[in-house]
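Trainee: Next up is a structure, given as structure tokens.
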Amino acid sequence: MSSVTRDDVAAALSRIVDEETGKDVVAGGILQGLVVREGHVGFSLEVDPAKGTAKEPLRQACEAAVKRLPGVLSVTAVLTAHRGDAGAQPPAHGHAHGNRPQQPRTAQQGPLQIPGVKAIVAVASGKGGVGKSTVAVNLALALAKLGRRVGLLDADIYGPSIPRMMGIKGKPETRDGKKLLPMEKHGLKTMSIGFLVAEDTPMIWRGPMVQSALTQMMMDVEWGELDVLIVDMPPGTGDAQLTMAQRVPLTGAVIVSTPQEIALIDARKGYAMFEKTHVPVFGIVENMAYFISPGSGEKSWIFGEGGARRMAEKLGCDFLGEVPLHMTIRETSDKGEPVVATAPDSPEAKPFIDIAARVAAHIDRALGEGSRKAPAIIVEE
């Protein structure tokens, strides 16, 4: 099968005319964020948000035109707010795969329910650089070691790191042209935008397109029967995080921080976001808690000692455990051979196994209390 290129896609879209302006979508300047990788195509059409519903046929025509190109395996075509309309509500957007007619999905719709997934746990941090993804990967692997059926979703659209940390290359396949099959390794079912775009490709997408991508990676993937889906959240408390907290029935959240105060300030913001959206916080993990010297094994608290533990006590949530800053953990993550997968009985893996046992207990208690409904965000004046 021949490989489709950006020029092929642009040429196909240049034949689709917006009846309102009389210009094709390329010449009219509304085509944005075009990404093409190994047969998977994604792009947005920037339109007036007030005309989102009226522009849905245009989106469908563009999607169909690209889908007909030889070598195209999937198409993600969405409508997003026109430049300068950032304060407006996002318009309707479409489906990622296949040619079947779609009803517009909007950010105002009800909660997403992922068939077959019993629990969804978000692993979050208030800021980047605290090792959140390392914790998410090894937590998911540790839960699998404890006998759970586990999936791992990389929700960081702008900086996906799960493919490298899991050592997974290639692209997802599809059986019916409508849903993707998750990539599998080390007993985990995994999905990431990093499987669909080159590692060095910047994702220059606005909020609605990011929301669409997150929705599709959850709903348009054949997850099968899972006891828990671990979601590696993007850092911070922005639009993507609020979308997940508001629209996904999260069973609970785990917050990752390092011990120093500058990181704890942002971790408290993450805790507050989940609290306001009524997502139970299972507890806090202190990553890089101390450094272990490779030679002597001596511990050094280079970022301070016990900061996350004290914060957990102050907030009234569980302290789930501390993970050392250890060369082995860093090296195995960089090589795509996570320590829990390759050396589950090692001292370096033990903190993740212990944390997973505590998270599993929280999940069991939460499911015993019934499924949580996705909350509505209330802005207090």
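Letters A, B, ... mark the chains of the structure tokens in the order given; residue numbers begin at 1 per chain; ligand numbers begin at 1, in order shown.
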Using DSSP on the backbone, list every residue of segment 145-223 of chain A that comes out as alpha helix (DSSP H), and give them as a ChimeraX atom specification.

Mentor: /A:145,162-166,207-219

Trainee: Need to verify the contact set: Tyr271 of chain A, 8 Å, only C-alpha atoms, exclusion of same-chain residues closer than 3 positions in sequence. Can you return it as a ChimeraX atom specification?

Mentor: /A:255,267-268,274-275,281

Trainee: Nearest to Pro259 of chain A: which of A:His40, A:Arg148, A:Lys185, A:Arg310 is it, counting only C-alpha atoms?

Mentor: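 The shortest atom-to-atom distance to Pro259 of chain A comes from A:Arg310.
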
Trainee: Write out as a tab-separated table a residue-level contact list of segment 129-196 of chain A versus segment 288-293 of chain A with cut-off 12 Å: for each qualifying residue the closest pair of atoms and the distance in Å to one decimal, counting only C-alpha atoms, rows sorted by chain and residue number upward.

Mentor:
residue	atom	partner	partner_atom	distance
A:Gly129	CA	A:Met288	CA	10.6
A:Val130	CA	A:Met288	CA	7.7
A:Gly131	CA	A:Met288	CA	7.9
A:Lys132	CA	A:Met288	CA	10.6
A:Thr134	CA	A:Met288	CA	10.8
A:Val135	CA	A:Met288	CA	10.5

Trainee: For Thr342 of chain A, find every residue with an atom within 12 Å (counting only C-alpha atoms), except residues of its own chain fewer than 3 positions away, and show them as a list in words.

Mentor: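 The contact residues come out as Asn138, Leu141, Ala142, Lys145, Met166, Gly167, Lys185, His186, Gly187, Thr328, Ile329, Glu331, Thr332, Ser333, Lys335, Gly336, Glu337, Pro338, Val339, Asp345, Ser346, Glu348 and Ala349 of chain A.
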
Trainee: Write out the residues from the selection above, keeping C-alpha atoms, as a compact mmCIF listing (two decimals), in the first residue's frame.

Mentor:
# COMPACT_ATOMS: atom_id res chain seq x y z
CA ASN A 138 5.23 1.45 36.91
CA LEU A 141 2.60 -2.58 35.68
CA ALA A 142 2.50 -3.15 39.43
CA LYS A 145 1.52 -7.90 38.78
CA MET A 166 7.05 1.22 27.42
CA GLY A 167 9.48 0.51 24.57
CA LYS A 185 3.46 -5.04 25.97
CA HIS A 186 4.36 -6.30 29.45
CA GLY A 187 0.74 -7.34 29.93
CA THR A 328 18.10 2.00 37.78
CA ILE A 329 14.62 3.53 37.68
CA GLU A 331 17.79 4.01 33.10
CA THR A 332 15.04 1.41 32.68
CA SER A 333 12.49 4.11 31.89
CA LYS A 335 15.37 2.27 27.64
CA GLY A 336 11.70 1.32 27.48
CA GLU A 337 12.19 -1.46 30.03
CA PRO A 338 10.30 -0.27 33.16
CA VAL A 339 11.75 -1.63 36.36
CA ASP A 345 11.37 -8.45 42.72
CA SER A 346 14.11 -5.82 42.90
CA GLU A 348 13.82 -0.51 43.02
CA ALA A 349 10.44 -2.03 42.04

Trainee: Could you tell me how far atom CA of Gly33 of chain A lies from atom CA of Gly128 of chain A, in Å and to one decimal?

Mentor: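 Here the two named atoms are 24.1 Å from each other.
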
Trainee: Can you tell me, as a ChimeraX atom specification, what residues are no more than 10 Å from Gly126 of chain A when counting only C-alpha atoms, ignoring any on the same chain fewer than 6 positions away?

Mentor: /A:132,234-238,255-257,263-271,273

Trainee: Those same residues, written as an mmCIF file, in the first residue's frame with C-alpha atoms?

Mentor:
data_model
loop_
_atom_site.group_PDB
_atom_site.id
_atom_site.type_symbol
_atom_site.label_atom_id
_atom_site.label_comp_id
_atom_site.auth_asym_id
_atom_site.auth_seq_id
_atom_site.Cartn_x
_atom_site.Cartn_y
_atom_site.Cartn_z
ATOM 1 C CA LYS A 132 4.606 11.518 36.834
ATOM 2 C CA PRO A 234 -0.807 16.001 31.243
ATOM 3 C CA PRO A 235 0.875 18.169 33.889
ATOM 4 C CA GLY A 236 -0.950 21.171 35.279
ATOM 5 C CA THR A 237 -4.619 22.089 35.699
ATOM 6 C CA GLY A 238 -5.597 23.325 32.239
ATOM 7 C CA ILE A 255 -1.103 12.984 42.667
ATOM 8 C CA VAL A 256 2.654 12.837 42.125
ATOM 9 C CA SER A 257 5.025 15.424 43.562
ATOM 10 C CA ALA A 263 6.538 21.396 43.466
ATOM 11 C CA LEU A 264 4.186 20.970 46.409
ATOM 12 C CA ILE A 265 2.542 24.335 45.684
ATOM 13 C CA ASP A 266 1.517 23.064 42.251
ATOM 14 C CA ALA A 267 0.541 19.659 43.646
ATOM 15 C CA ARG A 268 -1.892 21.404 45.984
ATOM 16 C CA LYS A 269 -3.455 23.075 42.948
ATOM 17 C CA GLY A 270 -3.945 19.663 41.365
ATOM 18 C CA TYR A 271 -5.543 18.392 44.553
ATOM 19 C CA MET A 273 -8.921 20.787 40.985
#

Trainee: For Leu188 of chain A, which residue out of A:Pro351, A:Gly224, A:Gly42, A:Pro70 is the nearest one, using only C-alpha atoms?

Mentor: A:Gly224

Trainee: Determine the nearest neighbour of Ala360 of chain A from the options A:Ile120, A:Val35, A:Ile162, A:Leu315, counting only C-alpha atoms.

Mentor: A:Ile120

Trainee: I'd like to know which of A:Ile284, A:Val4, A:Met327, A:Ala144 is closest to Arg309 of chain A, using only C-alpha atoms.

Mentor: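 Counting only C-alpha atoms, the residue closest to Arg309 of chain A is A:Ile284.
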